[in-house]
file protein05.json (JSON, C-alpha atoms and all ligand atoms)
[["chain", "number", "residue", "atom", "x", "y", "z"],
["O", 131, "MET", "CA", 189.47, 57.61, 9.99],
["O", 132, "LYS", "CA", 186.06, 56.55, 8.67],
["O", 133, "LEU", "CA", 183.13, 57.07, 11.01],
["O", 134, "SER", "CA", 180.47, 54.46, 11.43],
["O", 135, "PHE", "CA", 177.65, 53.55, 13.80],
["O", 136, "SER", "CA", 178.14, 49.81, 13.36],
["O", 137, "CYS", "CA", 180.43, 48.84, 16.19],
["O", 138, "CYS", "CA", 179.23, 50.05, 19.55],
["O", 139, "GLY", "CA", 176.20, 52.15, 18.85],
["O", 140, "MET", "CA", 178.28, 55.33, 19.13],
["O", 141, "SER", "CA", 180.39, 56.63, 16.30],
["O", 142, "CYS", "CA", 183.59, 54.64, 16.32],
["O", 143, "CYS", "CA", 186.25, 53.36, 13.94],
["O", 144, "ASP", "CA", 185.69, 50.68, 11.31],
["O", 145, "ASP", "CA", 188.57, 48.53, 12.47],
["O", 146, "ALA", "CA", 187.04, 47.87, 15.90],
["O", 147, "PRO", "CA", 186.68, 44.12, 16.54],
["O", 148, "PRO", "CA", 183.36, 42.66, 15.37],
["O", 149, "ARG", "CA", 180.80, 41.82, 18.03],
["O", 150, "ASP", "CA", 181.09, 38.23, 19.27],
["O", 151, "ALA", "CA", 178.33, 35.73, 20.11],
["O", 152, "ARG", "CA", 176.97, 36.28, 23.62],
["O", 153, "VAL", "CA", 174.46, 33.42, 23.89],
["O", 154, "SER", "CA", 176.33, 30.17, 24.54],
["O", 155, "GLN", "CA", 175.80, 27.08, 22.40],
["O", 156, "ALA", "CA", 174.65, 25.32, 25.60],
["O", 157, "GLU", "CA", 171.71, 27.77, 25.78],
["O", 158, "ILE", "CA", 170.87, 27.98, 22.07],
["O", 159, "GLY", "CA", 168.72, 24.83, 21.95],
["O", 160, "LEU", "CA", 166.44, 26.17, 24.69],
["O", 161, "VAL", "CA", 166.33, 29.69, 23.23],
["O", 162, "TYR", "CA", 165.11, 28.27, 19.90],
["O", 163, "ASP", "CA", 162.72, 25.80, 21.54],
["O", 164, "LYS", "CA", 160.96, 28.93, 22.83],
["O", 165, "LEU", "CA", 161.24, 30.86, 19.56],
["O", 166, "ALA", "CA", 159.96, 27.94, 17.43],
["O", 167, "LYS", "CA", 156.29, 29.03, 17.69],
["O", 168, "ILE", "CA", 156.89, 32.46, 16.18],
["O", 169, "TYR", "CA", 159.98, 31.81, 14.07],
["O", 170, "ASP", "CA", 158.17, 31.43, 10.75],
["O", 171, "ILE", "CA", 156.63, 34.92, 11.06],
["O", 172, "TRP", "CA", 160.08, 36.42, 11.64],
["O", 173, "GLY", "CA", 161.47, 34.29, 8.82],
["O", 174, "ALA", "CA", 158.78, 35.44, 6.37],
["O", 175, "LEU", "CA", 159.17, 39.14, 7.24],
["O", 176, "THR", "CA", 162.95, 39.51, 7.33],
["O", 177, "GLU", "CA", 164.71, 36.46, 5.84],
["O", 178, "SER", "CA", 162.54, 35.05, 3.06],
["O", 179, "ARG", "CA", 164.27, 36.84, 0.17],
["O", 180, "ALA", "CA", 167.76, 35.78, 1.22],
["O", 181, "ARG", "CA", 166.54, 32.22, 1.84],
["O", 182, "HIS", "CA", 164.86, 32.15, -1.58],
["O", 183, "ARG", "CA", 168.09, 33.36, -3.21],
["O", 184, "ALA", "CA", 170.04, 30.65, -1.37],
["O", 185, "ILE", "CA", 167.74, 28.01, -2.86],
["O", 186, "GLU", "CA", 168.27, 29.50, -6.33],
["O", 187, "LEU", "CA", 172.05, 29.43, -5.90],
["O", 188, "ALA", "CA", 171.93, 25.88, -4.53],
["O", 189, "ALA", "CA", 170.47, 24.76, -7.91],
["O", 190, "VAL", "CA", 169.47, 21.40, -6.42],
["O", 191, "GLU", "CA", 169.61, 18.44, -8.79],
["O", 192, "ASP", "CA", 167.46, 15.40, -8.10],
["O", 193, "GLY", "CA", 169.57, 12.49, -6.82],
["O", 194, "GLN", "CA", 172.04, 14.54, -4.78],
["O", 195, "SER", "CA", 173.20, 13.94, -1.23],
["O", 196, "ILE", "CA", 172.19, 17.08, 0.66],
["O", 197, "LEU", "CA", 172.76, 18.10, 4.26],
["O", 198, "GLU", "CA", 171.13, 21.13, 5.85],
["O", 199, "VAL", "CA", 172.81, 22.12, 9.10],
["O", 200, "ALA", "CA", 170.68, 24.15, 11.55],
["O", 201, "VAL", "CA", 167.56, 23.25, 9.58],
["O", 202, "GLY", "CA", 165.31, 25.15, 12.00],
["O", 203, "THR", "CA", 161.60, 24.88, 11.20],
["O", 204, "GLY", "CA", 162.40, 23.52, 7.73],
["O", 205, "LEU", "CA", 161.68, 26.66, 5.67],
["O", 206, "ALA", "CA", 164.54, 25.94, 3.23],
["O", 207, "PHE", "CA", 164.53, 22.18, 3.80],
["O", 208, "GLU", "CA", 161.00, 21.86, 2.39],
["O", 209, "GLU", "CA", 162.17, 23.49, -0.86],
["O", 210, "ILE", "CA", 165.26, 21.27, -0.97],
["O", 211, "VAL", "CA", 163.31, 18.04, -0.45],
["O", 212, "LYS", "CA", 160.76, 19.03, -3.14],
["O", 213, "ARG", "CA", 163.62, 19.43, -5.63],
["O", 214, "ASN", "CA", 165.47, 16.28, -4.57],
["O", 215, "PRO", "CA", 162.80, 13.58, -4.11],
["O", 216, "HIS", "CA", 165.07, 10.72, -5.20],
["O", 217, "GLY", "CA", 168.23, 11.88, -3.48],
["O", 218, "ARG", "CA", 169.22, 11.95, 0.19],
["O", 219, "ASN", "CA", 168.11, 14.91, 2.29],
["O", 220, "ALA", "CA", 169.25, 15.17, 5.90],
["O", 221, "GLY", "CA", 168.48, 18.03, 8.27],
["O", 222, "ILE", "CA", 169.94, 18.53, 11.72],
["O", 223, "ASP", "CA", 169.44, 21.12, 14.44],
["O", 224, "LEU", "CA", 170.22, 21.62, 18.12],
["O", 225, "SER", "CA", 166.64, 22.62, 18.97],
["O", 226, "LYS", "CA", 163.98, 19.94, 19.42],
["O", 227, "GLY", "CA", 161.29, 22.63, 19.23],
["O", 228, "MET", "CA", 162.47, 23.88, 15.83],
["O", 229, "LEU", "CA", 162.80, 20.29, 14.57],
["O", 230, "GLU", "CA", 159.25, 19.50, 15.68],
["O", 231, "LYS", "CA", 157.98, 22.31, 13.44],
["O", 232, "ALA", "CA", 160.17, 21.04, 10.58],
["O", 233, "ARG", "CA", 158.77, 17.52, 10.99],
["O", 234, "LYS", "CA", 155.19, 18.81, 10.75],
["O", 235, "ARG", "CA", 156.04, 20.83, 7.66],
["O", 236, "LEU", "CA", 157.66, 17.85, 5.94],
["O", 237, "GLN", "CA", 154.86, 15.47, 6.95],
["O", 238, "LYS", "CA", 152.40, 17.76, 5.18],
["O", 239, "LEU", "CA", 154.61, 17.77, 2.09],
["O", 240, "ALA", "CA", 154.95, 13.97, 2.22],
["O", 241, "LYS", "CA", 151.14, 13.59, 2.21],
["O", 242, "ALA", "CA", 151.01, 15.32, -1.15],
["O", 243, "ASN", "CA", 154.00, 13.45, -2.60],
["O", 244, "ASP", "CA", 154.43, 9.68, -2.81],
["O", 245, "SER", "CA", 158.19, 9.43, -2.73],
["O", 246, "LEU", "CA", 160.21, 11.78, -0.59],
["O", 247, "ASN", "CA", 163.46, 10.84, 1.03],
["O", 248, "TYR", "CA", 164.48, 12.81, 4.09],
["O", 249, "SER", "CA", 165.56, 12.59, 7.71],
["O", 250, "LEU", "CA", 165.46, 15.14, 10.53],
["O", 251, "HIS", "CA", 167.55, 14.68, 13.67],
["O", 252, "VAL", "CA", 168.96, 16.52, 16.65],
["O", 253, "GLY", "CA", 172.62, 17.16, 15.88],
["O", 254, "SER", "CA", 175.40, 19.72, 16.07],
["O", 255, "ALA", "CA", 177.38, 21.53, 13.42],
["O", 256, "PHE", "CA", 180.50, 20.72, 15.46],
["O", 257, "ASP", "CA", 180.07, 16.97, 14.93],
["O", 258, "LEU", "CA", 178.17, 16.26, 11.74],
["O", 259, "PRO", "CA", 176.42, 12.91, 11.32],
["O", 260, "ALA", "CA", 177.80, 12.38, 7.82],
["O", 261, "GLN", "CA", 180.68, 10.41, 6.38],
["O", 262, "THR", "CA", 183.78, 12.13, 5.08],
["O", 263, "GLU", "CA", 183.34, 13.39, 1.48],
["O", 264, "SER", "CA", 179.76, 12.12, 1.22],
["O", 265, "VAL", "CA", 177.78, 15.36, 0.66],
["O", 266, "ASP", "CA", 177.15, 17.12, -2.69],
["O", 267, "LEU", "CA", 175.49, 20.20, -1.22],
["O", 268, "LEU", "CA", 175.62, 21.61, 2.32],
["O", 269, "VAL", "CA", 173.14, 24.37, 3.19],
["O", 270, "ASN", "CA", 173.47, 26.41, 6.38],
["O", 271, "ASN", "CA", 171.24, 29.40, 7.02],
["O", 272, "TYR", "CA", 171.45, 31.89, 9.88],
["O", 273, "MET", "CA", 173.68, 29.80, 12.15],
["O", 274, "PHE", "CA", 177.18, 31.32, 11.95],
["O", 275, "ASP", "CA", 175.69, 34.52, 13.36],
["O", 276, "LEU", "CA", 175.21, 32.50, 16.58],
["O", 277, "ILE", "CA", 178.69, 30.98, 16.68],
["O", 278, "ARG", "CA", 181.65, 32.54, 18.53],
["O", 279, "TYR", "CA", 184.46, 33.63, 16.21],
["O", 280, "ALA", "CA", 186.86, 31.31, 18.05],
["O", 281, "ASP", "CA", 184.63, 28.33, 17.19],
["O", 282, "MET", "CA", 183.94, 29.09, 13.52],
["O", 283, "ASP", "CA", 187.08, 27.31, 12.29],
["O", 284, "ARG", "CA", 185.97, 24.03, 13.88],
["O", 285, "VAL", "CA", 182.60, 24.22, 12.14],
["O", 286, "LEU", "CA", 184.12, 25.11, 8.77],
["O", 287, "ALA", "CA", 186.60, 22.24, 9.08],
["O", 288, "GLU", "CA", 183.65, 19.92, 9.73],
["O", 289, "PHE", "CA", 181.77, 21.30, 6.68],
["O", 290, "LYS", "CA", 184.86, 20.72, 4.58],
["O", 291, "ARG", "CA", 185.27, 17.18, 5.89],
["O", 292, "VAL", "CA", 181.78, 16.01, 4.88],
["O", 293, "LEU", "CA", 181.61, 17.77, 1.50],
["O", 294, "LYS", "CA", 182.76, 15.87, -1.58],
["O", 295, "LYS", "CA", 185.63, 17.39, -3.56],
["O", 296, "GLY", "CA", 184.03, 20.15, -5.64],
["O", 297, "GLY", "CA", 180.97, 20.03, -3.35],
["O", 298, "LYS", "CA", 178.79, 23.10, -2.97],
["O", 299, "LEU", "CA", 178.30, 25.18, 0.18],
["O", 300, "VAL", "CA", 175.42, 27.66, 0.42],
["O", 301, "LEU", "CA", 175.45, 29.90, 3.47],
["O", 302, "VAL", "CA", 173.12, 32.63, 4.67],
["O", 303, "ASN", "CA", 174.03, 34.76, 7.67],
["O", 304, "MET", "CA", 172.79, 37.83, 9.40],
["O", 305, "THR", "CA", 175.50, 40.28, 8.36],
["O", 306, "GLN", "CA", 176.67, 43.76, 9.28],
["O", 307, "GLY", "CA", 174.22, 46.35, 7.97],
["O", 308, "GLU", "CA", 175.45, 48.41, 5.03],
["O", 309, "THR", "CA", 172.97, 51.20, 5.67],
["O", 310, "LEU", "CA", 172.53, 53.15, 8.89],
["O", 311, "PRO", "CA", 168.89, 52.03, 9.52],
["O", 312, "SER", "CA", 169.85, 48.37, 9.02],
["O", 313, "GLN", "CA", 172.15, 48.69, 12.01],
["O", 314, "LEU", "CA", 169.01, 48.82, 14.18],
["O", 315, "TYR", "CA", 169.30, 45.07, 14.75],
["O", 316, "ASP", "CA", 172.87, 45.43, 15.99],
["O", 317, "TRP", "CA", 171.60, 47.95, 18.53],
["O", 318, "ILE", "CA", 168.91, 45.53, 19.71],
["O", 319, "TYR", "CA", 171.54, 42.79, 19.99],
["O", 320, "ARG", "CA", 173.77, 45.07, 22.03],
["O", 321, "LEU", "CA", 170.96, 45.75, 24.50],
["O", 322, "SER", "CA", 169.50, 42.23, 24.60],
["O", 323, "PRO", "CA", 171.16, 39.42, 22.59],
["O", 324, "LYS", "CA", 168.34, 36.95, 23.27],
["O", 325, "THR", "CA", 165.74, 39.32, 21.77],
["O", 326, "MET", "CA", 167.67, 38.77, 18.52],
["O", 327, "GLY", "CA", 167.68, 35.00, 19.13],
["O", 328, "GLY", "CA", 171.41, 35.39, 19.79],
["O", 329, "CYS", "CA", 172.13, 36.52, 16.19],
["O", 330, "ARG", "CA", 174.58, 39.32, 15.39],
["O", 331, "GLY", "CA", 175.97, 40.43, 12.06],
["O", 332, "VAL", "CA", 178.92, 38.45, 10.68],
["O", 333, "LYS", "CA", 180.87, 38.28, 7.42],
["O", 334, "LEU", "CA", 182.07, 34.81, 6.45],
["O", 335, "GLU", "CA", 183.78, 35.32, 3.10],
["O", 336, "ALA", "CA", 187.33, 35.78, 4.45],
["O", 337, "LYS", "CA", 187.01, 32.79, 6.80],
["O", 338, "LEU", "CA", 185.81, 30.59, 3.95],
["O", 339, "LYS", "CA", 188.84, 31.57, 1.90],
["O", 340, "GLN", "CA", 191.12, 30.77, 4.86],
["O", 341, "HIS", "CA", 189.64, 27.26, 4.73],
["O", 342, "GLN", "CA", 190.42, 27.05, 0.99],
["O", 343, "PHE", "CA", 186.78, 27.30, -0.10],
["O", 344, "SER", "CA", 186.43, 28.95, -3.45],
["O", 345, "VAL", "CA", 183.86, 31.73, -2.99],
["O", 346, "GLN", "CA", 181.85, 32.24, -6.17],
["O", 347, "THR", "CA", 179.49, 34.92, -4.92],
["O", 348, "ARG", "CA", 178.71, 36.94, -1.80],
["O", 349, "GLU", "CA", 175.51, 38.98, -2.01],
["O", 350, "TYR", "CA", 174.06, 41.51, 0.43],
["O", 351, "HIS", "CA", 170.26, 41.42, 0.89],
["O", 352, "GLN", "CA", 168.18, 43.67, 3.11],
["O", 353, "GLN", "CA", 164.55, 42.97, 4.04],
["O", 354, "MET", "CA", 162.61, 45.00, 6.61],
["O", 355, "LEU", "CA", 166.04, 46.60, 7.25],
["O", 356, "PHE", "CA", 167.37, 43.17, 8.33],
["O", 357, "PRO", "CA", 170.81, 42.62, 6.70],
["O", 358, "SER", "CA", 171.73, 39.18, 5.32],
["O", 359, "GLU", "CA", 174.61, 37.82, 3.29],
["O", 360, "VAL", "CA", 174.13, 34.93, 0.86],
["O", 361, "ILE", "CA", 177.29, 33.05, -0.09],
["O", 362, "LEU", "CA", 177.93, 30.36, -2.69],
["O", 363, "ALA", "CA", 181.25, 28.56, -2.30],
["O", 364, "TYR", "CA", 182.87, 25.30, -3.41],
["O", 365, "LYS", "CA", 185.25, 22.88, -1.75],
["O", 366, "PRO", "CA", 188.32, 22.57, -3.99],
["O", 367, "VAL", "CA", 188.50, 19.54, -6.29],
["J", 401, "LIG", "C1", 168.14, 31.71, 13.37],
["J", 401, "LIG", "S1", 167.68, 30.02, 13.34],
["J", 401, "LIG", "C2", 167.71, 29.62, 11.62],
["J", 401, "LIG", "C3", 166.95, 28.37, 11.28],
["J", 401, "LIG", "C4", 166.95, 27.99, 9.78],
["J", 401, "LIG", "N1", 168.26, 27.71, 9.30],
["J", 401, "LIG", "C5", 166.31, 29.07, 8.96],
["J", 401, "LIG", "O1", 167.00, 29.75, 8.18],
["J", 401, "LIG", "O2", 165.09, 29.28, 9.09],
["J", 401, "LIG", "C6", 169.17, 29.32, 13.95],
["J", 401, "LIG", "C7", 169.10, 27.82, 14.13],
["J", 401, "LIG", "O3", 170.43, 27.33, 14.32],
["J", 401, "LIG", "C8", 170.37, 26.26, 15.24],
["J", 401, "LIG", "N2", 171.75, 26.06, 15.73],
["J", 401, "LIG", "C9", 172.52, 26.95, 16.38],
["J", 401, "LIG", "N3", 173.73, 26.43, 16.62],
["J", 401, "LIG", "C10", 173.73, 25.19, 16.10],
["J", 401, "LIG", "C11", 174.70, 24.14, 16.01],
["J", 401, "LIG", "N4", 175.91, 24.28, 16.54],
["J", 401, "LIG", "N5", 174.36, 22.99, 15.40],
["J", 401, "LIG", "C12", 173.12, 22.83, 14.87],
["J", 401, "LIG", "N6", 172.15, 23.78, 14.92],
["J", 401, "LIG", "C13", 172.46, 24.94, 15.53],
["J", 401, "LIG", "C14", 169.36, 26.75, 16.27],
["J", 401, "LIG", "O4", 168.88, 25.72, 17.08],
["J", 401, "LIG", "C15", 168.30, 27.36, 15.36],
["J", 401, "LIG", "O5", 167.33, 26.44, 14.96]]

call {"tool": "encode", "arguments": {"input": "protein05.json", "output": "structure tokens", "more": "lines below"}}
Ligand SMILES: C[S@@+](CC[C@H](N)C(=O)[O-])C[C@H]1O[C@@H](n2cnc3c(N)ncnc32)[C@H](O)[C@@H]1O
result
Amino acid sequence: MKLSFSCCGMSCCDDAPPRDARVSQAEIGLVYDKLAKIYDIWGALTESRARHRAIELAAVEDGQSILEVAVGTGLAFEEIVKRNPHGRNAGIDLSKGMLEKARKRLQKLAKANDSLNYSLHVGSAFDLPAQTESVDLLVNNYMFDLIRYADMDRVLAEFKRVLKKGGKLVLVNMTQGETLPSQLYDWIYRLSPKTMGGCRGVKLEAKLKQHQFSVQTREYHQQMLFPSEVILAYKPV
């Protein structure tokens, strides 16, 4: 039996069930309305490298139809829109507060650029505002770590519905720490899920494969001990 500190904060076995989401989707919008003011500081300190890598892997081509689900304050969306000025860029999120920050960020960008094409709306990953097989690239950062395991299949089915055949999916999640110190965040979550904005470590690769996504890469990144996974996958042709 392999010992680990990852499951319950005490040494326990590796095959214990992973921790499930404890902040309901009904509450998430309000939780992130409150976090919106400080989110960019957290994002810069702990998530910027994984987010940057996600943008690299996305390899945006101008003219594409791109959807970012859970766009937050627009940290990745700004980079996407810059690279896709003549395509379609849509961002949705549950939190009006996060979207307000994203709007301000994109308005600034639009002032410096004549032609940018984007929209930002309140919306849910469970019911995407996009037609079937209409999206070239779907980006989704740090959202599955907020979703209950029982609900992940519905979201992945929705992602698959809107992506074109051969379409690209780029995902970033808080993941399970691979070093003992990086499990600090799991401890904080255990004591107070809302302090972590409701995020706990997840691993999505197996679920993606169950949904017939072809996973090209799954990378582990750690920044300020915060563990992230960055995944590039494709919908089958
Ligand atoms: C940890 S933040 C990440 C924001 C952004 N993706 C980033 O990387 O900076 C999580 C975001 O997911 C949003 N969210 C959570 N569940 C969602 C859902 N079902 N549909 C859309 N957005 C959701 C929250 O409102 C919040 O803005």

call {"tool": "residues_near_ligand", "arguments": {"input": "protein05.json", "ligand": "ligand LIG 401 (chain J)", "cutoff": "7 Å", "atoms": "all atoms listed in the file", "output": "ChimeraX atom specification"}}
result
/O:155,158-159,162,173,181,199-206,222-225,228,253-256,270-273,276-277,327,329

call {"tool": "write_last_selection", "arguments": {"input": "protein05.json", "atoms": "C-alpha atoms", "output": "short mmCIF file (atom, residue, chain, number, x, y, z; two decimals), in the coordinates of the input"}}
result
data_model
loop_
_atom_site.label_atom_id
_atom_site.label_comp_id
_atom_site.auth_asym_id
_atom_site.auth_seq_id
_atom_site.Cartn_x
_atom_site.Cartn_y
_atom_site.Cartn_z
CA GLN O 155 175.80 27.08 22.40
CA ILE O 158 170.87 27.98 22.07
CA GLY O 159 168.72 24.83 21.95
CA TYR O 162 165.11 28.27 19.90
CA GLY O 173 161.47 34.29 8.82
CA ARG O 181 166.54 32.22 1.84
CA VAL O 199 172.81 22.12 9.10
CA ALA O 200 170.68 24.15 11.55
CA VAL O 201 167.56 23.25 9.58
CA GLY O 202 165.31 25.15 12.00
CA THR O 203 161.60 24.88 11.20
CA GLY O 204 162.40 23.52 7.73
CA LEU O 205 161.68 26.66 5.67
CA ALA O 206 164.54 25.94 3.23
CA ILE O 222 169.94 18.53 11.72
CA ASP O 223 169.44 21.12 14.44
CA LEU O 224 170.22 21.62 18.12
CA SER O 225 166.64 22.62 18.97
CA MET O 228 162.47 23.88 15.83
CA GLY O 253 172.62 17.16 15.88
CA SER O 254 175.40 19.72 16.07
CA ALA O 255 177.38 21.53 13.42
CA PHE O 256 180.50 20.72 15.46
CA ASN O 270 173.47 26.41 6.38
CA ASN O 271 171.24 29.40 7.02
CA TYR O 272 171.45 31.89 9.88
CA MET O 273 173.68 29.80 12.15
CA LEU O 276 175.21 32.50 16.58
CA ILE O 277 178.69 30.98 16.68
CA GLY O 327 167.68 35.00 19.13
CA CYS O 329 172.13 36.52 16.19
#

call {"tool": "closest_residue", "arguments": {"input": "protein05.json", "among": "O:Ala336, O:Lys324, O:Met304, O:Tyr315", "to": "Val360 of chain O", "atoms": "only C-alpha atoms"}}
result
O:Met304

call {"tool": "closest_residue", "arguments": {"input": "protein05.json", "among": "O:Lys164, O:Lys337, O:Lys294, O:Arg179", "to": "Leu268 of chain O", "atoms": "only C-alpha atoms"}}
result
O:Lys294

call {"tool": "closest_residue", "arguments": {"input": "protein05.json", "among": "O:Ile318, O:Ala232, O:Ala189, O:Leu338", "to": "Phe356 of chain O", "atoms": "only C-alpha atoms"}}
result
O:Ile318

call {"tool": "atom_distance", "arguments": {"input": "protein05.json", "atom1": "atom CA of Pro148 of chain O", "atom2": "atom CA of Trp317 of chain O"}}
result
13.3 Å

call {"tool": "closest_residue", "arguments": {"input": "protein05.json", "among": "O:Glu157, O:Glu288, O:Glu359, O:Glu230", "to": "His341 of chain O", "atoms": "all atoms listed in the file"}}
result
O:Glu288

call {"tool": "closest_residue", "arguments": {"input": "protein05.json", "among": "O:Val211, O:Asn219, O:Ala260, O:Leu286", "to": "Ala240 of chain O", "atoms": "all atoms listed in the file"}}
result
O:Val211

call {"tool": "closest_residue", "arguments": {"input": "protein05.json", "among": "O:Trp172, O:Tyr319, O:Phe274, O:Tyr248", "to": "Glu335 of chain O", "atoms": "all atoms listed in the file"}}
result
O:Phe274

call {"tool": "atom_distance", "arguments": {"input": "protein05.json", "atom1": "atom CA of Gly297 of chain O", "atom2": "atom CA of Arg348 of chain O"}}
result
17.1 Å

call {"tool": "atom_distance", "arguments": {"input": "protein05.json", "atom1": "atom CA of Met354 of chain O", "atom2": "atom CA of Val161 of chain O"}}
result
22.9 Å

call {"tool": "build_atoms", "arguments": {"input": "protein05.json", "residues": "segment 287-310 of chain O", "atoms": "N, CA and C atoms", "output": "PDB file, in the frame of the given file"}}
result
ATOM      1  N   ALA O 287     185.805  23.448   9.330  1.00  0.00           N
ATOM      2  CA  ALA O 287     186.600  22.240   9.080  1.00  0.00           C
ATOM      3  C   ALA O 287     185.669  21.028   8.952  1.00  0.00           C
ATOM      4  N   GLU O 288     184.628  21.022   9.765  1.00  0.00           N
ATOM      5  CA  GLU O 288     183.650  19.920   9.730  1.00  0.00           C
ATOM      6  C   GLU O 288     182.843  19.965   8.419  1.00  0.00           C
ATOM      7  N   PHE O 289     182.474  21.158   7.970  1.00  0.00           N
ATOM      8  CA  PHE O 289     181.770  21.300   6.680  1.00  0.00           C
ATOM      9  C   PHE O 289     182.652  20.757   5.555  1.00  0.00           C
ATOM     10  N   LYS O 290     183.931  21.142   5.636  1.00  0.00           N
ATOM     11  CA  LYS O 290     184.860  20.720   4.580  1.00  0.00           C
ATOM     12  C   LYS O 290     185.050  19.202   4.605  1.00  0.00           C
ATOM     13  N   ARG O 291     185.090  18.645   5.783  1.00  0.00           N
ATOM     14  CA  ARG O 291     185.270  17.180   5.890  1.00  0.00           C
ATOM     15  C   ARG O 291     184.152  16.435   5.171  1.00  0.00           C
ATOM     16  N   VAL O 292     182.895  16.828   5.397  1.00  0.00           N
ATOM     17  CA  VAL O 292     181.780  16.010   4.880  1.00  0.00           C
ATOM     18  C   VAL O 292     181.488  16.291   3.398  1.00  0.00           C
ATOM     19  N   LEU O 293     181.893  17.469   2.909  1.00  0.00           N
ATOM     20  CA  LEU O 293     181.610  17.770   1.500  1.00  0.00           C
ATOM     21  C   LEU O 293     182.509  16.942   0.575  1.00  0.00           C
ATOM     22  N   LYS O 294     181.944  16.505  -0.546  1.00  0.00           N
ATOM     23  CA  LYS O 294     182.760  15.870  -1.580  1.00  0.00           C
ATOM     24  C   LYS O 294     183.710  16.898  -2.175  1.00  0.00           C
ATOM     25  N   LYS O 295     184.764  16.449  -2.835  1.00  0.00           N
ATOM     26  CA  LYS O 295     185.630  17.390  -3.560  1.00  0.00           C
ATOM     27  C   LYS O 295     184.783  18.085  -4.621  1.00  0.00           C
ATOM     28  N   GLY O 296     184.856  19.393  -4.699  1.00  0.00           N
ATOM     29  CA  GLY O 296     184.030  20.150  -5.640  1.00  0.00           C
ATOM     30  C   GLY O 296     182.603  20.366  -5.133  1.00  0.00           C
ATOM     31  N   GLY O 297     182.320  19.891  -3.913  1.00  0.00           N
ATOM     32  CA  GLY O 297     180.970  20.030  -3.350  1.00  0.00           C
ATOM     33  C   GLY O 297     180.605  21.484  -3.085  1.00  0.00           C
ATOM     34  N   LYS O 298     179.294  21.719  -3.029  1.00  0.00           N
ATOM     35  CA  LYS O 298     178.790  23.100  -2.970  1.00  0.00           C
ATOM     36  C   LYS O 298     178.361  23.461  -1.547  1.00  0.00           C
ATOM     37  N   LEU O 299     178.719  24.670  -1.134  1.00  0.00           N
ATOM     38  CA  LEU O 299     178.300  25.180   0.180  1.00  0.00           C
ATOM     39  C   LEU O 299     177.478  26.452  -0.037  1.00  0.00           C
ATOM     40  N   VAL O 300     176.251  26.450   0.489  1.00  0.00           N
ATOM     41  CA  VAL O 300     175.420  27.660   0.420  1.00  0.00           C
ATOM     42  C   VAL O 300     175.159  28.121   1.851  1.00  0.00           C
ATOM     43  N   LEU O 301     175.547  29.354   2.111  1.00  0.00           N
ATOM     44  CA  LEU O 301     175.450  29.900   3.470  1.00  0.00           C
ATOM     45  C   LEU O 301     174.619  31.180   3.454  1.00  0.00           C
ATOM     46  N   VAL O 302     173.761  31.334   4.446  1.00  0.00           N
ATOM     47  CA  VAL O 302     173.120  32.630   4.670  1.00  0.00           C
ATOM     48  C   VAL O 302     173.397  33.025   6.119  1.00  0.00           C
ATOM     49  N   ASN O 303     173.776  34.268   6.310  1.00  0.00           N
ATOM     50  CA  ASN O 303     174.030  34.760   7.670  1.00  0.00           C
ATOM     51  C   ASN O 303     173.394  36.121   7.857  1.00  0.00           C
ATOM     52  N   MET O 304     173.013  36.425   9.089  1.00  0.00           N
ATOM     53  CA  MET O 304     172.790  37.830   9.400  1.00  0.00           C
ATOM     54  C   MET O 304     174.159  38.495   9.262  1.00  0.00           C
ATOM     55  N   THR O 305     174.211  39.628   8.564  1.00  0.00           N
ATOM     56  CA  THR O 305     175.500  40.280   8.360  1.00  0.00           C
ATOM     57  C   THR O 305     175.484  41.689   8.934  1.00  0.00           C
ATOM     58  N   GLN O 306     176.604  42.382   8.779  1.00  0.00           N
ATOM     59  CA  GLN O 306     176.670  43.760   9.280  1.00  0.00           C
ATOM     60  C   GLN O 306     175.928  44.669   8.297  1.00  0.00           C
ATOM     61  N   GLY O 307     175.034  45.485   8.820  1.00  0.00           N
ATOM     62  CA  GLY O 307     174.220  46.350   7.970  1.00  0.00           C
ATOM     63  C   GLY O 307     175.070  47.308   7.158  1.00  0.00           C
ATOM     64  N   GLU O 308     174.692  47.486   5.896  1.00  0.00           N
ATOM     65  CA  GLU O 308     175.450  48.410   5.030  1.00  0.00           C
ATOM     66  C   GLU O 308     174.777  49.768   4.957  1.00  0.00           C
ATOM     67  N   THR O 309     173.624  49.910   5.594  1.00  0.00           N
ATOM     68  CA  THR O 309     172.970  51.200   5.670  1.00  0.00           C
ATOM     69  C   THR O 309     172.740  51.517   7.150  1.00  0.00           C
ATOM     70  N   LEU O 310     172.674  52.788   7.478  1.00  0.00           N
ATOM     71  CA  LEU O 310     172.530  53.150   8.890  1.00  0.00           C
ATOM     72  C   LEU O 310     171.273  52.518   9.527  1.00  0.00           C
TER      73      LEU O 310
END
